[in-house]
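Contents: one structure, followed by commentary.
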Amino acid sequence: MTTASQETPRQAADAPPKLHADNITVKFGGLVAVNDVSFTIPDRSVVSLIGPNGAGKTTFFNVLTGLYRTTSGRVVLGDKDITNLVPHRIAGLGMARTFQNIRLFGLMTAEENVKVAMHSQLRSGPFHTVVRTRRQRREELQAREFARELLDFVGIGKFADEYARSLSYGDQRRLEIARALALRPSVLLLDEPTAGMNPQESARFTDFVHRLRAEKDLSVLLIEHDMSVVMQLSDRITVLDRGEKIAEGGPDDIRNDERVIEAYLGKSGRGKSA
Ligand SMILES: Nc1ncnc2c1ncn2[C@@H]1O[C@H](COP(=O)(O)OP(=O)(O)OP(=O)(O)O)[C@@H](O)[C@H]1O
């Protein structure tokens with residue numbers, strides 16, 4: 001049997017879709033931020049969304065996670081139509097995300113941050129919060145164990161009792177991922193996960209995503225500006241420019257695609273930032 005870790009990128013890219021977005025258009029007044037973009041995330045694959053500044057990547061991401069509404073088009077997760085559902089419903093159905101700007105509770109410990117994320121999934125209701133029942137105590141214990149397991153998995157188990165704000169930048173990013181994993185997602189969306197990391201942290205992060213994919217049964221969608229991270233991690237890359245999908249393929253196809261080179265460098269070769 002082939003495990004996820006043994007799959008070649010090509011096999012992973014050909015797996016059945018875990019998520020598909022069909023003909024997504026998003027308009028802000030007169031501005032078309034995303035124009036008729038279709039896209040799939042194959043099961044247990046790493047897919048990256050790249051493009052110059054203002055290409056529409058974040059807008060597209062926000063539509064997938066329910067933060068923005070589509071003007072038209074459809075998003076399907078597994079076999080469920082999730083178009084324009086509210087973010088917590090989409091998260092509950094198996095799509096978790098991290099944010100470009102870290103969103104942690106600085107004055108809570110790392111473990112507490114993960115447990116807060118888990119809270120929506122605990123079964124005990126308000127009654128059990130007032131009257132501590134055996135079920136509630138059991139759930140708390142399980143939540144604690146699962147939080148510790150996730151912190152170990154992302155490599156910051158030894159900081160479980162530290163305040164989130166006292167962690168290094170790279171470790172805060174790891175904590176964000178632990179919080180997202182607490183939702184037991186089938187699709188994990190990472191918005192510029194290496195932003196602000198130094199080269200060593202980025203390299204460690206790349207290894208970590210390889211492990212994530214090998215050991216957790218999930219697909220990853222990445223918005224990332226660091227091309228070496230994108231090229232090392234992605235089974236498939238989708239390129240947006242000015243709201244349009246201009247290319248899609250494996251790292252080698254994208255590296256050599258004329259339209260992509262032009263979108264990044266401009267016809268005259270004057271650099272646009274990635
Ligand atoms: N809430 C909003 N209201 C109005 N315009 C918006 C909104 N969000 C994004 N836009 C516009 O939509 C376009 C696409 O922006 P978006 O942030 O999705 O691009 P991006 O590819 O993520 O860029 P970056 O790499 O700089 O983050 C831009 O012209 C942007 O100004």
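Chain identifiers are assigned as A, B, and so on, following the order in which chains appear in the structure tokens; residues are numbered from 1 within each chain, and ligands are numbered from 1 in order of appearance.
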List all protein, DNA and RNA residues that have at least one atom no more than 9 Å from any atom of ligand 1, counting only C-alpha atoms and all ligand atoms, and write them as an NGL selection string. :A and (26-29 or 31-34 or 49-62 or 68 or 100 or 192 or 223-225 or 240-243 or 273-274)
Can those selected residues be exported to a file as an mmCIF file, in the first residue's frame so that it contains N, CA and C atoms?
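Writing the result to result.cif gives the following:
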data_model
loop_
_atom_site.group_PDB
_atom_site.id
_atom_site.type_symbol
_atom_site.label_atom_id
_atom_site.label_comp_id
_atom_site.auth_asym_id
_atom_site.auth_seq_id
_atom_site.Cartn_x
_atom_site.Cartn_y
_atom_site.Cartn_z
ATOM 1 N N VAL A 26 -15.495 37.458 -7.366
ATOM 2 C CA VAL A 26 -15.738 38.342 -6.223
ATOM 3 C C VAL A 26 -15.555 39.774 -6.694
ATOM 4 N N LYS A 27 -16.600 40.562 -6.512
ATOM 5 C CA LYS A 27 -16.512 41.981 -6.880
ATOM 6 C C LYS A 27 -16.627 42.824 -5.628
ATOM 7 N N PHE A 28 -15.798 43.854 -5.561
ATOM 8 C CA PHE A 28 -15.939 44.883 -4.514
ATOM 9 C C PHE A 28 -16.354 46.147 -5.247
ATOM 10 N N GLY A 29 -17.644 46.474 -5.225
ATOM 11 C CA GLY A 29 -18.109 47.602 -6.029
ATOM 12 C C GLY A 29 -17.757 47.331 -7.485
ATOM 13 N N LEU A 31 -14.718 46.884 -8.629
ATOM 14 C CA LEU A 31 -13.453 46.145 -8.778
ATOM 15 C C LEU A 31 -13.694 44.631 -8.778
ATOM 16 N N VAL A 32 -13.199 43.972 -9.813
ATOM 17 C CA VAL A 32 -13.317 42.504 -9.846
ATOM 18 C C VAL A 32 -12.025 41.940 -9.244
ATOM 19 N N ALA A 33 -12.096 41.505 -7.973
ATOM 20 C CA ALA A 33 -10.879 41.038 -7.288
ATOM 21 C C ALA A 33 -10.532 39.614 -7.691
ATOM 22 N N VAL A 34 -11.567 38.791 -7.963
ATOM 23 C CA VAL A 34 -11.354 37.419 -8.450
ATOM 24 C C VAL A 34 -12.333 37.211 -9.593
ATOM 25 N N LEU A 49 -1.113 28.800 -3.760
ATOM 26 C CA LEU A 49 -1.726 29.884 -4.525
ATOM 27 C C LEU A 49 -0.711 31.017 -4.505
ATOM 28 N N ILE A 50 -0.233 31.389 -5.698
ATOM 29 C CA ILE A 50 0.771 32.454 -5.753
ATOM 30 C C ILE A 50 0.323 33.526 -6.747
ATOM 31 N N GLY A 51 1.037 34.641 -6.731
ATOM 32 C CA GLY A 51 0.732 35.735 -7.649
ATOM 33 C C GLY A 51 1.254 37.030 -7.069
ATOM 34 N N PRO A 52 1.438 38.034 -7.925
ATOM 35 C CA PRO A 52 1.960 39.319 -7.429
ATOM 36 C C PRO A 52 0.995 39.982 -6.449
ATOM 37 N N ASN A 53 1.440 41.041 -5.788
ATOM 38 C CA ASN A 53 0.579 41.775 -4.843
ATOM 39 C C ASN A 53 -0.713 42.191 -5.532
ATOM 40 N N GLY A 54 -1.817 42.028 -4.801
ATOM 41 C CA GLY A 54 -3.115 42.447 -5.337
ATOM 42 C C GLY A 54 -3.706 41.480 -6.350
ATOM 43 N N ALA A 55 -3.117 40.281 -6.484
ATOM 44 C CA ALA A 55 -3.589 39.321 -7.496
ATOM 45 C C ALA A 55 -4.948 38.725 -7.150
ATOM 46 N N GLY A 56 -5.312 38.762 -5.868
ATOM 47 C CA GLY A 56 -6.608 38.198 -5.460
ATOM 48 C C GLY A 56 -6.488 36.952 -4.593
ATOM 49 N N LYS A 57 -5.267 36.630 -4.160
ATOM 50 C CA LYS A 57 -5.045 35.398 -3.391
ATOM 51 C C LYS A 57 -5.822 35.400 -2.074
ATOM 52 N N THR A 58 -5.647 36.482 -1.298
ATOM 53 C CA THR A 58 -6.307 36.535 0.007
ATOM 54 C C THR A 58 -7.823 36.570 -0.157
ATOM 55 N N THR A 59 -8.286 37.290 -1.164
ATOM 56 C CA THR A 59 -9.728 37.343 -1.409
ATOM 57 C C THR A 59 -10.257 35.939 -1.687
ATOM 58 N N PHE A 60 -9.545 35.186 -2.513
ATOM 59 C CA PHE A 60 -9.949 33.816 -2.845
ATOM 60 C C PHE A 60 -9.966 32.944 -1.589
ATOM 61 N N PHE A 61 -8.931 33.045 -0.808
ATOM 62 C CA PHE A 61 -8.805 32.319 0.470
ATOM 63 C C PHE A 61 -9.988 32.657 1.381
ATOM 64 N N ASN A 62 -10.308 33.954 1.440
ATOM 65 C CA ASN A 62 -11.389 34.392 2.328
ATOM 66 C C ASN A 62 -12.752 33.887 1.862
ATOM 67 N N TYR A 68 -15.408 36.124 3.215
ATOM 68 C CA TYR A 68 -16.031 36.954 2.167
ATOM 69 C C TYR A 68 -17.086 36.124 1.454
ATOM 70 N N GLN A 100 -2.599 35.633 8.090
ATOM 71 C CA GLN A 100 -1.376 36.348 7.728
ATOM 72 C C GLN A 100 -0.800 37.044 8.972
ATOM 73 N N GLU A 192 0.398 32.830 4.209
ATOM 74 C CA GLU A 192 1.758 33.352 4.356
ATOM 75 C C GLU A 192 2.445 32.875 5.642
ATOM 76 N N ILE A 223 -0.822 30.051 0.843
ATOM 77 C CA ILE A 223 -0.465 31.299 0.137
ATOM 78 C C ILE A 223 0.923 31.622 0.635
ATOM 79 N N GLU A 224 1.866 31.786 -0.266
ATOM 80 C CA GLU A 224 3.246 31.940 0.194
ATOM 81 C C GLU A 224 4.024 32.774 -0.810
ATOM 82 N N HIS A 225 4.805 33.716 -0.272
ATOM 83 C CA HIS A 225 5.610 34.562 -1.149
ATOM 84 C C HIS A 225 7.016 34.011 -1.366
ATOM 85 N N LEU A 240 -2.388 33.334 -9.758
ATOM 86 C CA LEU A 240 -3.356 34.384 -10.061
ATOM 87 C C LEU A 240 -2.609 35.654 -10.439
ATOM 88 N N ASP A 241 -3.225 36.412 -11.332
ATOM 89 C CA ASP A 241 -2.706 37.753 -11.633
ATOM 90 C C ASP A 241 -3.903 38.633 -11.951
ATOM 91 N N ARG A 242 -4.019 39.733 -11.255
ATOM 92 C CA ARG A 242 -5.136 40.663 -11.422
ATOM 93 C C ARG A 242 -6.493 39.949 -11.432
ATOM 94 N N GLY A 243 -6.638 39.018 -10.484
ATOM 95 C CA GLY A 243 -7.924 38.339 -10.317
ATOM 96 C C GLY A 243 -8.159 37.156 -11.234
ATOM 97 N N SER A 273 6.945 42.848 -7.007
ATOM 98 C CA SER A 273 7.245 41.948 -5.906
ATOM 99 C C SER A 273 6.303 40.748 -5.951
ATOM 100 N N ALA A 274 6.787 39.583 -5.431
ATOM 101 C CA ALA A 274 5.973 38.367 -5.467
ATOM 102 C C ALA A 274 4.894 38.420 -4.421
#
Residue list (helix (DSSP H, G or I), DSSP) for segment 154-199 of chain A, as a PyMOL selection string: chain A and resi 157-159+164-166+169-181+199
Record the distance separating atom CA of Thr83 of chain A and atom CA of Phe39 of chain A, expressed in Å with one decimal. 14.0 Å
Considering only C-alpha atoms, return as a ChimeraX atom specification whatever protein or nucleic-acid residues lie within 12 Å of Met95 of chain A, sequence-local ones (same chain, fewer than 6 positions apart) excluded. /A:18-19,41,61-62,64-66,75-78,80,82,85-89,180-190,218-221
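Counting only C-alpha atoms, segment 140-152 of chain A has the following residues at most 7 Å away, ignoring those fewer than 6 positions along the same chain: Glu111, Val114, Lys115, Ala160 and Ala178 of chain A.
Atom CA of Ile237 of chain A is found 19.3 Å from atom CA of Ala203 of chain A.
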